[in-house]
Structure formats: structure tokens, C-alpha cells
Amino acid sequence: MAAPLVQEAGTAPGTPGHEEQELEEKPSRGRARIGRGLDRYALILAFAAIIIAFSASVPSTFDTVANLSNILGSQAVLFILTIAVLLPTIMGDFVDLSLGASLGVSAMTIAVLNVNHSVPIVYACLAGVGAAIVVGLVNTVFVVYYDNNPFIITLGTMTIVEGVTFIISTNATVGVVSTGLSNWVYTNTFLSIPLEFYYALAIFVAVWYVLSFTPVGQKALVIGQARDVARLSGFHVNRQRAWAFVIGAAIAGFAGIAYAGTYGSVAPTAGSAYILPAYAAVFLGATAIRPGRMNALGSLIAVYFLATGTAGLELLGAQAYIQQIFYGAALVVAVAFPTVARKRIFKRRKTPILPRSTAAGS
Amino acid sequence: MSEQFGGRDGASSPERHGQDAPRRGETPALVARRISKSFDRTRALDGVDLSINRGEVVALVGQNGSGKSTLVKILSGYHEPEPGGELSIDGVDVPLPVPPGMAGEIGLSFVYQDLGLNGGMTVLENLNLSLRVRHGLGAWSPIWWRRERREAERVLRLYQVSLALDARARDLAPVHQARLAIVRSAHDLRRFQQASGGHSSIMVLDEPTVFLPEGDVRFLFDLIRTLVSLGGSVLFVSHDLAAVREIADRTVVFRDGRKVAEMLRGDFDEDELVNLIVGAATPRRSSARAEATEEPEDALTLDEVTSRSVAREAGRAVPAAAAASGPSRSERTIRVEGLTGGRLRDLSFALAPGEIVGIAGLIGSGAEDVPYLLFGSEAATAGTLEIGGETLSIPQLTPSEAVRKHLALIPADRKQFGLGLELTVWENMVMLVQDDHFKRGVFRRDELVEIARKGVVDFGVKPPRVDVRASALSGGNQQKLLLAKWLLAGPRLLIAHEPTQGVDVGARRDIYRIVRRAAGADAMAVVWVTTDFAELEEVCHRVVVVSRGRESGELQGDEMTEDSIGAAVLRQLEEVG
């Protein structure tokens, strides 16, 4: 009858069952520390492994400059969007789903202004980035100032912006955007790699510098890891979150320029295909370099790990949609592997808890 | 007040129990004998006896660390007592330690300070939560909402409580939440009673009144009286002597793990009770302390098992000198005027640079709001802070403004508010000074790591490594790290809330030393808020006593002893309440 009391007392911390659990936690921590060195480079090792595997199986097509150019160039749009995604995520606002839609609306604005209204391409691009920034501002107002759940708000703004994109495109693919843009984005190359890769790299270096080599980045880390601590340490938590949303949206707008330049014509659904791969890259990147933390360098590696994997699979003859399976599988394996490995170790030495030093053996 | 309610509703049940009671009357509802419990070398409970009769309200009073909560936790099965103790309920022996989950099956129910309600669920759902926990096929039996509703309405009527069944628990006023929790517990006990054929049931109320607004406490008393009239017994654990006087048939006083006195309702004498709680007649004790200040080592009483002895040794020179002379009033350049917010009403005090001022108050008195209001992290409604020749409006203060004005906050909940546990030691330590190490576009991380390296040595953080996560440190070392973080920023006013909570004796001593050194050397004023009055005696130059949200006295010099602080916080409650 008084069953809940049974439950409450049983699960209360300090009851024998709980203590046992805690004791088990401890050796795992020591073990995790040893594992961390491996965790950190696991993605890079996997990257190296797939390069070697593809080089061995399809050397005639994989080991070519054209392939390298394809991998680095074709994924520049995703690369730029990944950097955009990184910003709010690192601040602990785990999702800004609307960034894909921002990419789409930016690309569509450029296409519509340039093609339908003959606006010079430079102004069209500015307008595209401006449209993306507006989306970022709306998110900021509702998520940061009115303190709502970012998932729900950005789910809403994503849907709205996608709808708006359909309206301004009148539900049709718009093209062909000025060749000036595609020349400067995709056609012209430097060291055989399309210029857009270098634009992406420039944005990456700027973000990487701010996040990793300035107090602002260090504060962003604290805000993401422990928001209350940041607030009580006098950090301008909301101001910094707001900047993350707005700059993230602006970078998504740049990704829209790259998209318009790369493909020449813009479909109304352009953005939605990119957002989830970008998140996959960010979370995959969080397992590398600084495991457990979203980090710029890890994201860079993750993007090109995924790009190389899909390019290699296509060269092996796989269909384009295999990309999806590869992305998903890589994410699940990378995120789950450390915890699965730890659980297995638990099971092996369930009863006597061995001192930490023996953990290295397993 | 409640007698008139007594048996108006639910008349049948009280009568049934009324007939039951005499037959079983000789057997007390609960008997505990020779219950002992030690933590490390601290004797928390030393051969305690306690009995509760059927239909009796027994109040359990005592200071922090007197063993009250330990006893409650032994009854709930949370702690394992030492062998030799006995517990019987309704004449039936209960094995000790109480097996997990058994408390409910033997007619014990607990309502703790946090009430254990699910805020997002409705009153009805909360009330019937215990029916939802079923195993096996029972988990699949349907919920008859309409029947449960009727039943719930009946129960609320029975206990004279009117609550909207569809209101969400978190939307209720605190007093209604408390009533809901008590009714739920009472109803669970009644289900048990009915199933077991009139077995005794005991409700343990562990400080249920501390967060209730003044005056609202009375609403609970009617409920407790109804409960008793229905055949239940109550163990009422409280600091609030006014509430105890009102509701308890018998008052049991614990001190230092022993039962030192029992007082029947008729003999209730508040002055005597305060003396019993704090240890002795206060005047005598404080004069003894006064003599002892000359020879601190001898002054150590054996019954103090806290860090006191060690701590006293570590830093005795400073407070002795300061307490003797003390900064004069004109030196007190840091002034808090009319601080209002949370449970606090119009609190004013002043500090001199280098002075450590304690704020003493029981839980719920408003003392625990002082740090967060003063730092701007919780909204104050009024008050000013004068610091460094500037007058700041506290309602407009934000944490970032506070940091800029060189205030520092050591929050009690260090895991949530103090440290980024997943961040490394150095990242935590340099959090407030890192801006100074960004020059011409270069972030001098090496300098920061060097600062942290020096910091862990200076502040005695062990292990003295800067690249491990803060979560890997022990509680004491986390606290030292937190202090280091703030002291590196050179604050003018350090506000510490329970800074030695969950900290071992050695680290406690280090923390006292660190704060004293910083206060003395850097002319940093300190506001030290804690319910550990021995610590206040140990560390502070002066203590401001807060009760019911208001300042109720100030103690300093020889009159500032653990016992006198303990007596002051209790006494003030009665006068106001």
C-alpha cells in the first residue's frame, strides 16, 4: 500500500545499493583518464585508416588531385555551416535547428534578387547574409531574452523560414545566378582547390582563434559547461549567447553564398539537407582533440572525415545516399564507443573492485 | 482552534480508532532503545531512547549536530545504527538497520523539508502517487480517474484541506504544498492502517515549517491535530520553538547525541528549553568562555567534536587581537542598509575592511538569502550597499556589476554555482583574471597556467595539479579552489555561504586560515553566513543574528560563543513568533 515509500527509501542515496554504484564509478574514472588519450586521437586514427583503405582499394581514382579537390571543395558549404552550428552549441544552447533554413533563405534571397530582379551580385549577397542575420536575431529574442528552450524555438523558426523561402521563390528552383559569383566561389581554383574552400578555411581560422585563443572563447566554454557558474562569475552570459546566435546565423548566410555559387541555381529546400550533417560533424568533432567538449579543430576533422568517407564510398561504386548511412553510423559509433567500452569493463570485474592501476590492463 | 474540527467530518473513522485505542493503549506506537551512531570519530547518537504513544505529538528539538536528523535517518533506513539498538513499532520488533523500503510497510511515513512533491503534476496525481508504484501485472491495471477523484475529494474533506485537484503542485502557495505533502503522507498511512487492521502509524515531520511564511505555520497545526484524532502519531522535528509549544504533547531535547530532557505540554518553559538545547545556562557558560580566551588550548571542551580545536589552533592570534580591540564604528566603511528581499526584511549592518562578520540564523530565517541578494544574483526589492565610497542600489545589482565592484561570492552549492566541474583546475582558478592576460591579440595561457600552478600551492589544493578536472578533487579541495578563484581577483568584500559544508576537518582549518590571511593582509571584509555556530565563534569578529527575516541582535567579543549564538537565534523566534 505504502509502496512509494518503499521506492523512495530504496533509491535514496546512501542505501547499500547506491554505495555500491558509487564505488564502481571510481575505478571507471581512473580508467577513463587513461582512455582519454586514446579517445582524443581515435577520430584521427579512423580518418587515417579510411584513407589507407580507400587508397589501397581504389588507388587510381582516390589518390588523385581531382579527388582531393572534390573532397575539399564540394563540402565547403557543409564546412561553413558546421562552423555556424558550433557557435550556439558551444555556449550550451545545444540546437539551433534554424541554421539550415538560414542557409536556404540566404541562398534563395541571392538567387531571387540577382536573377529575377537583376540586383548586382554583391548587393544580393549582402541581402542574403542580412536575411540570415534577421533569423538569428529572432532566435536571440525568444531564446535568450525570453529564456525559452532553444530546441522548440528554433524548430519553429526553422519551419517558418523554410516556408518564407518557398514564398519568395514562388515554389520553384531559381537560377542561374551570376557567373561572377560561381567563378569566385567554385570555378576559380588555387592549388587546384576551389576558392570556397579557402573562404571556409578563413572563417574557420577566425572562429578557431576566438574560441581557442581569447578570453572570450574561454568564457564561452565556461558558459557552455556551467552556465550558473559563469553568471555568478560576472560573465555577460546572455550577451555572449546572443552574439553566438547572431554570428552563427551570419555564417550560415555565408554558407548560403557558397551554396548559390557552387550550384548556380537554388532549390527552395536547399538548406534542410545540410543541417543534420552539420550537427553530426559538430558532435563527432566533440569526441576528438578535446573529448567531451565541442571544439573547432575537432569539427574541422569531423567534416572532412565524413567527406572523405562518402567520397571514397562513391568511388567504390556506392550510391550517393550511402552518405547518410555513413554519417549516421560514424556519429553513433563515435559517441557510443567510449561508454560501451566502459560498460564492458564494468561487467568483467563486477565483484571485487580492483585498484585503479589494474584498470590499464583491460 | 482545531478541536471544533475534530470529528465533524469522517466521524466514523475517529470513532473506530477511538475504540481501538484503549485496547492497544498500553503499547506505545514507537519505541526506540539504545540507538547509537558514529561518523568517523564523531558520536552523532549515543544510546538514545525514544518512545511515542498512540495519538501523541512528540517534538524533537536540538541544535544542528545534536543527532535529531541522524535519528530520523535511522528510522527511515538511510543510516545503519550501531549494534545493540532496538526498535519496535506497535509492540512488534523491527530489524535494525531498517531494511530499505520497509519504513512504509511498518507504518512510518516521512515528510521532509523539500516535501517531495512533483511540481509538474496536479494535486490529484501527487496525492495518489503511491498507487502508481506497482510491479508486475499490477503496473498494467487501469487508472479509474473518476473514482480516484471522488476518493481524493473525500480525503481532502476528511483532513479539512481545500485544494483544487487539478492545480499543479508548483503553482500552490508554500503552505498549501506543505499541507498537500502532509495529507498525502497521512493518507498513505491510513491506507496502511486499514490494510493492517488498525496498526499504529507514525508520521515524521522533519522541519516542515522552515520555508513557510510567518503565520502560515498555524494552518499545519489543524492538520496535525486532525491526523492525531484519526489515530496517528507524529514526530515533529523542528527548530521553531513557537511551533513546538503550540503543537507538541511532549518535547524531547537532544544535545550532542544524547537525550537531555523531556518536557510535557504543561511544563513547557521556553527559557529552560533554550538552555537545555544549547547546553547550559548561557550566562555562566559565556563567562567561562571569557576566562578561557586567555588560554585557548584549555578552553576546548571535550564535547566539541567539530573542527574547532584544530581550527582554533590554526588561527587563534588573529581573532583574539581583533575581537579584543575590534575596528571602531567609523572604520566600518562597507555598509549594507535596509536589505529586503526573499525572506529578509530591512537588514542593515556594516563592516570594516579586514573584518569578518558572521550572519547567524536558522534555516528559513532569511540569513541564507543574504549572500545572493547582496551579490545581485537573486532579486532584492530594496537596499543599498556602500562600498569603496560608492553607494550601490542592491535591487539593480547584477553579478557582473558585483564582480566589477570587487565583491566575491562563495555559494553554498559549489557544484551548481561555484565551479565548472568538467573544467580543469586551472580553467576554474583563472576565470576572473584571464582578461588581464590577453595582450595584443595573444592569449597568454602559459601565464594563466603558471598563476594556477602557484595558486594550487598557495591555497593548498591537493593534488597540486592544474590540468585535472575539478570534479576529480575532494570537496575540501574544491572549496579551496573556489576560494582561490575569487581571492585571485582581490575582492574588497567576500561573501561566503556555508563555506565549509561537506568539508573535512583539515580542509576546514585551511579554509579558515586562507580567509583570515586574505582579510588581514588585503583588508578584505568578509560576510560569513552559516548555521554552524561553532564556526562563527571560531572565525568571526562579530556576529549579526537574523530571525524571521529581521536583525535580532549582535554579538561580539566574549559574549559571542557557540552557545550564546544558538540561544540568540532560538530566543528571537519566540519573541517574534
# chains A, B, ... in the order shown; residues from 1 in each chain; ligands from 1
>>> interface_residues(of="chain B", to="chain A", cutoff="6 Å", atoms="only C-alpha atoms", output="NGL selection string")
:B and (78 or 100-101 or 104 or 130 or 188 or 192 or 399-400 or 403 or 417-418 or 420 or 435 or 443)
>>> write_last_selection(atoms="N, CA and C atoms", output="PDB file, in the first residue's frame")
ATOM      1  N   TYR B  78      17.940   5.040   6.212  1.00  0.00           N
ATOM      2  CA  TYR B  78      19.027   5.666   5.465  1.00  0.00           C
ATOM      3  C   TYR B  78      20.369   5.385   6.144  1.00  0.00           C
ATOM      4  N   PRO B 100      15.864  -1.312   3.480  1.00  0.00           N
ATOM      5  CA  PRO B 100      15.424  -0.298   2.534  1.00  0.00           C
ATOM      6  C   PRO B 100      13.974  -0.543   2.130  1.00  0.00           C
ATOM      7  N   GLY B 101      13.186   0.481   2.199  1.00  0.00           N
ATOM      8  CA  GLY B 101      11.811   0.353   1.757  1.00  0.00           C
ATOM      9  C   GLY B 101      10.864  -0.192   2.793  1.00  0.00           C
ATOM     10  N   GLY B 104       7.852   2.202   5.086  1.00  0.00           N
ATOM     11  CA  GLY B 104       6.465   2.373   4.691  1.00  0.00           C
ATOM     12  C   GLY B 104       5.604   1.183   5.083  1.00  0.00           C
ATOM     13  N   SER B 130       1.471   7.143  -4.722  1.00  0.00           N
ATOM     14  CA  SER B 130       1.894   5.852  -4.179  1.00  0.00           C
ATOM     15  C   SER B 130       1.145   4.700  -4.841  1.00  0.00           C
ATOM     16  N   ASP B 188      -1.466   7.911   2.930  1.00  0.00           N
ATOM     17  CA  ASP B 188      -0.727   6.665   2.733  1.00  0.00           C
ATOM     18  C   ASP B 188      -0.723   5.846   4.021  1.00  0.00           C
ATOM     19  N   PHE B 192      -2.406   2.179   4.904  1.00  0.00           N
ATOM     20  CA  PHE B 192      -1.651   1.145   5.601  1.00  0.00           C
ATOM     21  C   PHE B 192      -2.416   0.650   6.826  1.00  0.00           C
ATOM     22  N   PRO B 399      25.268  40.208 -10.979  1.00  0.00           N
ATOM     23  CA  PRO B 399      26.539  39.583 -10.626  1.00  0.00           C
ATOM     24  C   PRO B 399      27.724  40.226 -11.345  1.00  0.00           C
ATOM     25  N   SER B 400      27.549  40.606 -12.609  1.00  0.00           N
ATOM     26  CA  SER B 400      28.720  41.171 -13.289  1.00  0.00           C
ATOM     27  C   SER B 400      29.087  42.525 -12.704  1.00  0.00           C
ATOM     28  N   VAL B 403      30.909  41.811  -9.452  1.00  0.00           N
ATOM     29  CA  VAL B 403      32.296  41.413  -9.661  1.00  0.00           C
ATOM     30  C   VAL B 403      33.139  42.649  -9.965  1.00  0.00           C
ATOM     31  N   PHE B 417      26.867  26.191  -8.606  1.00  0.00           N
ATOM     32  CA  PHE B 417      27.118  27.615  -8.797  1.00  0.00           C
ATOM     33  C   PHE B 417      28.576  28.026  -8.638  1.00  0.00           C
ATOM     34  N   GLY B 418      29.381  27.147  -8.071  1.00  0.00           N
ATOM     35  CA  GLY B 418      30.736  27.572  -7.730  1.00  0.00           C
ATOM     36  C   GLY B 418      31.766  27.241  -8.781  1.00  0.00           C
ATOM     37  N   GLY B 420      33.011  24.995 -12.387  1.00  0.00           N
ATOM     38  CA  GLY B 420      32.695  24.185 -13.555  1.00  0.00           C
ATOM     39  C   GLY B 420      33.386  22.845 -13.372  1.00  0.00           C
ATOM     40  N   ASP B 435      41.122  37.885 -18.328  1.00  0.00           N
ATOM     41  CA  ASP B 435      41.088  39.025 -19.243  1.00  0.00           C
ATOM     42  C   ASP B 435      42.401  39.815 -19.231  1.00  0.00           C
ATOM     43  N   PHE B 443      46.652  35.396 -26.325  1.00  0.00           N
ATOM     44  CA  PHE B 443      46.123  34.922 -25.045  1.00  0.00           C
ATOM     45  C   PHE B 443      47.245  34.173 -24.347  1.00  0.00           C
TER      46      PHE B 443
END
>>> residues_around(residues="Gly47 in chain B", least_positions_apart="3", cutoff="8 Å", atoms="only C-alpha atoms", output="count of residues only")
6
>>> residues_around(residues="Val144 in chain A", least_positions_apart="6", cutoff="10 Å", atoms="only C-alpha atoms", output="short mmCIF file (atom, residue, chain, number, x, y, z; two decimals) with N, CA and C atoms, in the first residue's frame")
data_model
loop_
_atom_site.label_atom_id
_atom_site.label_comp_id
_atom_site.auth_asym_id
_atom_site.auth_seq_id
_atom_site.Cartn_x
_atom_site.Cartn_y
_atom_site.Cartn_z
N ASP A 93 23.67 26.11 -25.83
CA ASP A 93 22.36 26.14 -26.49
C ASP A 93 22.42 25.06 -27.56
N LEU A 137 18.52 37.01 -35.11
CA LEU A 137 18.02 37.98 -34.13
C LEU A 137 16.71 37.51 -33.52
N VAL A 138 15.83 36.95 -34.36
CA VAL A 138 14.56 36.46 -33.85
C VAL A 138 14.82 35.35 -32.81
N PRO A 150 15.78 26.40 -26.61
CA PRO A 150 16.26 26.67 -27.97
C PRO A 150 15.76 25.64 -28.98
N VAL A 237 26.62 36.46 -19.66
CA VAL A 237 26.21 35.19 -20.26
C VAL A 237 25.25 35.42 -21.42
N ASN A 238 24.21 36.22 -21.20
CA ASN A 238 23.21 36.38 -22.24
C ASN A 238 23.74 37.15 -23.44
N ARG A 239 24.58 38.13 -23.16
CA ARG A 239 25.15 38.89 -24.26
C ARG A 239 25.96 37.96 -25.17
N GLN A 240 26.73 37.12 -24.52
CA GLN A 240 27.58 36.24 -25.31
C GLN A 240 26.75 35.18 -26.07
N ARG A 241 25.69 34.70 -25.43
CA ARG A 241 24.82 33.74 -26.13
C ARG A 241 24.16 34.41 -27.33
N ALA A 242 23.76 35.67 -27.14
CA ALA A 242 23.11 36.38 -28.22
C ALA A 242 24.06 36.52 -29.41
N PHE A 245 24.30 33.33 -31.38
CA PHE A 245 23.18 33.08 -32.28
C PHE A 245 23.29 33.94 -33.53
#
>>> residues_around(residues="range 239-246 of chain B", least_positions_apart="6", cutoff="9 Å", atoms="only C-alpha atoms", output="PyMOL selection string")
chain B and resi 58-63+207+209-210+217-218+221+265+268-270+273-274+362-363+570-571+573-575+577
>>> write_last_selection(atoms="C-alpha atoms", output="mmCIF file, in the first residue's frame")
data_model
loop_
_atom_site.group_PDB
_atom_site.id
_atom_site.type_symbol
_atom_site.label_atom_id
_atom_site.label_comp_id
_atom_site.auth_asym_id
_atom_site.auth_seq_id
_atom_site.Cartn_x
_atom_site.Cartn_y
_atom_site.Cartn_z
ATOM 1 C CA VAL B 58 6.261 14.404 20.152
ATOM 2 C CA ALA B 59 8.532 17.287 19.244
ATOM 3 C CA LEU B 60 12.228 16.652 18.803
ATOM 4 C CA VAL B 61 14.363 19.726 19.278
ATOM 5 C CA GLY B 62 18.093 20.362 19.336
ATOM 6 C CA GLN B 63 20.794 22.258 17.558
ATOM 7 C CA GLU B 207 11.435 20.620 9.701
ATOM 8 C CA THR B 209 7.809 24.662 8.617
ATOM 9 C CA VAL B 210 11.084 26.375 7.841
ATOM 10 C CA VAL B 217 2.545 27.574 10.137
ATOM 11 C CA ARG B 218 -0.729 27.545 12.022
ATOM 12 C CA PHE B 221 -1.387 22.562 13.145
ATOM 13 C CA ARG B 265 2.996 20.254 27.415
ATOM 14 C CA PHE B 268 6.736 23.933 28.748
ATOM 15 C CA ASP B 269 9.215 26.618 29.724
ATOM 16 C CA GLU B 270 10.919 28.365 26.862
ATOM 17 C CA LEU B 273 14.206 24.788 26.836
ATOM 18 C CA VAL B 274 16.674 27.125 25.160
ATOM 19 C CA LEU B 362 18.230 29.203 11.441
ATOM 20 C CA ILE B 363 17.227 27.751 8.111
ATOM 21 C CA LEU B 570 16.166 30.406 19.181
ATOM 22 C CA ARG B 571 15.067 33.096 21.625
ATOM 23 C CA LEU B 573 11.986 33.214 17.311
ATOM 24 C CA GLU B 574 9.786 33.041 20.332
ATOM 25 C CA GLU B 575 9.633 36.749 20.945
ATOM 26 C CA GLY B 577 6.513 34.320 16.866
#
>>> select_by_dssp(residues="range 311-534 of chain B", states="strand (DSSP E or B)", output="PyMOL selection string")
chain B and resi 334-341+344-351+356-360+382-387+390-393+407-410+424+438-439+442-443+469+493-497+525-530
>>> write_last_selection(atoms="C-alpha atoms", output="compact mmCIF listing (two decimals), in the first residue's frame")
# COMPACT_ATOMS: atom_id res chain seq x y z
CA ILE B 334 31.23 48.97 3.97
CA ARG B 335 27.58 49.44 4.80
CA VAL B 336 24.51 47.45 3.94
CA GLU B 337 21.33 49.42 4.55
CA GLY B 338 17.76 48.19 4.50
CA LEU B 339 18.38 44.97 2.59
CA THR B 340 14.99 43.47 1.72
CA GLY B 341 14.18 40.50 -0.49
CA LEU B 344 14.70 39.15 4.51
CA ARG B 345 13.19 42.40 5.78
CA ASP B 346 15.20 45.56 6.24
CA LEU B 347 18.55 44.19 7.34
CA SER B 348 21.35 46.66 7.97
CA PHE B 349 24.92 46.04 9.04
CA ALA B 350 28.36 47.49 8.48
CA LEU B 351 31.84 46.07 8.17
CA ILE B 356 34.92 39.06 9.39
CA VAL B 357 31.26 39.40 10.29
CA GLY B 358 29.07 36.37 10.75
CA ILE B 359 25.39 36.21 9.93
CA ALA B 360 23.67 33.68 12.14
CA ALA B 382 15.21 47.30 -1.55
CA GLY B 383 18.54 48.11 -0.02
CA THR B 384 21.82 49.87 -0.65
CA LEU B 385 25.42 48.78 -0.42
CA GLU B 386 28.08 51.33 0.29
CA ILE B 387 31.49 50.13 -0.72
CA GLU B 390 30.18 54.39 -3.75
CA THR B 391 26.57 53.66 -2.92
CA LEU B 392 25.03 50.89 -5.00
CA SER B 393 21.37 50.08 -5.20
CA LEU B 407 32.57 41.62 -4.48
CA ALA B 408 33.11 37.88 -4.28
CA LEU B 409 30.62 35.11 -3.63
CA ILE B 410 31.33 31.62 -2.30
CA THR B 424 40.15 21.83 -15.35
CA PHE B 438 45.16 38.81 -23.32
CA LYS B 439 47.64 41.26 -24.78
CA VAL B 442 47.75 36.90 -27.80
CA PHE B 443 46.12 34.92 -25.05
CA ARG B 469 39.11 18.26 -13.88
CA LEU B 493 34.12 42.10 0.20
CA LEU B 494 33.97 38.32 0.31
CA ILE B 495 30.53 36.83 0.89
CA ALA B 496 30.70 33.22 1.96
CA HIS B 497 27.71 30.94 2.40
CA ALA B 525 35.90 42.41 4.57
CA VAL B 526 34.08 39.11 4.93
CA VAL B 527 30.42 38.27 5.42
CA TRP B 528 30.25 34.69 6.65
CA VAL B 529 26.83 33.07 6.64
CA THR B 530 26.43 29.66 8.22
>>> residues_around(residues="range 40-47 of chain A", least_positions_apart="3", cutoff="10 Å", atoms="only C-alpha atoms", output="list in words")
Gly35, Arg36, Gly37, Ile50, Ile51, Ile52, Ala53, Leu284, Gly285, Ala286, Thr287, Ala288, Ile289, Arg290, Pro291, Gly292, Gly298, Ile301, Ala302, Tyr304, Phe305, Leu306, Thr308, Gly309, Ala330 and Ala334 of chain A
>>> write_last_selection(atoms="C-alpha atoms", output="mmCIF file, in the first residue's frame")
data_model
loop_
_atom_site.group_PDB
_atom_site.id
_atom_site.type_symbol
_atom_site.label_atom_id
_atom_site.label_comp_id
_atom_site.auth_asym_id
_atom_site.auth_seq_id
_atom_site.Cartn_x
_atom_site.Cartn_y
_atom_site.Cartn_z
ATOM 1 C CA GLY A 35 41.271 6.050 -22.166
ATOM 2 C CA ARG A 36 41.070 9.762 -22.824
ATOM 3 C CA GLY A 37 44.437 9.833 -24.544
ATOM 4 C CA ILE A 50 39.822 5.058 -44.151
ATOM 5 C CA ILE A 51 42.357 6.993 -46.263
ATOM 6 C CA ILE A 52 44.662 3.981 -46.303
ATOM 7 C CA ALA A 53 41.779 1.611 -47.008
ATOM 8 C CA LEU A 284 31.549 13.865 -33.923
ATOM 9 C CA GLY A 285 34.132 16.607 -33.536
ATOM 10 C CA ALA A 286 33.384 16.765 -29.813
ATOM 11 C CA THR A 287 34.811 13.253 -29.472
ATOM 12 C CA ALA A 288 38.184 14.350 -30.797
ATOM 13 C CA ILE A 289 41.030 16.638 -29.700
ATOM 14 C CA ARG A 290 39.223 17.725 -26.533
ATOM 15 C CA PRO A 291 36.860 14.838 -25.828
ATOM 16 C CA GLY A 292 33.603 15.906 -24.272
ATOM 17 C CA GLY A 298 37.559 18.572 -33.895
ATOM 18 C CA ILE A 301 38.470 17.000 -38.741
ATOM 19 C CA ALA A 302 34.987 15.534 -38.468
ATOM 20 C CA TYR A 304 36.491 16.105 -43.708
ATOM 21 C CA PHE A 305 36.408 12.660 -42.199
ATOM 22 C CA LEU A 306 32.770 12.421 -43.283
ATOM 23 C CA THR A 308 36.396 11.611 -47.335
ATOM 24 C CA GLY A 309 34.334 8.621 -46.285
ATOM 25 C CA ALA A 330 30.009 7.363 -37.732
ATOM 26 C CA ALA A 334 31.984 7.696 -32.148
#
>>> closest_residue(among="B:Ala167, B:Ile143, B:Leu180, B:Val461", to="Val155 in chain B", atoms="only C-alpha atoms")
B:Leu180
>>> residues_around(residues="range 161-166 of chain A", least_positions_apart="3", cutoff="9 Å", atoms="only C-alpha atoms", output="JSON, numbers by chain")
{"A": [98, 101, 102, 104, 105, 106, 108, 109, 135, 156, 157, 158, 169, 170, 171, 172, 267, 268, 269, 271, 272]}
>>> write_last_selection(atoms="C-alpha atoms", output="mmCIF file, in the first residue's frame")
data_model
loop_
_atom_site.group_PDB
_atom_site.id
_atom_site.type_symbol
_atom_site.label_atom_id
_atom_site.label_comp_id
_atom_site.auth_asym_id
_atom_site.auth_seq_id
_atom_site.Cartn_x
_atom_site.Cartn_y
_atom_site.Cartn_z
ATOM 1 C CA SER A 98 17.112 27.139 -37.958
ATOM 2 C CA ALA A 101 16.917 27.335 -43.036
ATOM 3 C CA SER A 102 19.076 30.457 -42.699
ATOM 4 C CA GLY A 104 18.455 28.319 -47.528
ATOM 5 C CA VAL A 105 16.877 31.728 -47.179
ATOM 6 C CA SER A 106 20.232 33.414 -47.763
ATOM 7 C CA MET A 108 17.326 31.983 -52.154
ATOM 8 C CA THR A 109 17.458 35.727 -51.460
ATOM 9 C CA VAL A 135 16.599 34.857 -38.324
ATOM 10 C CA GLY A 156 9.564 26.919 -35.018
ATOM 11 C CA THR A 157 11.768 29.499 -36.719
ATOM 12 C CA MET A 158 13.229 26.802 -38.977
ATOM 13 C CA SER A 169 10.974 31.524 -54.614
ATOM 14 C CA THR A 170 7.314 31.052 -55.644
ATOM 15 C CA ASN A 171 7.959 27.378 -55.097
ATOM 16 C CA ALA A 172 10.477 26.984 -57.890
ATOM 17 C CA ALA A 267 16.085 25.000 -54.777
ATOM 18 C CA PRO A 268 13.612 26.050 -52.050
ATOM 19 C CA THR A 269 14.664 23.050 -49.934
ATOM 20 C CA GLY A 271 19.061 24.364 -46.527
ATOM 21 C CA SER A 272 17.314 21.456 -44.912
#
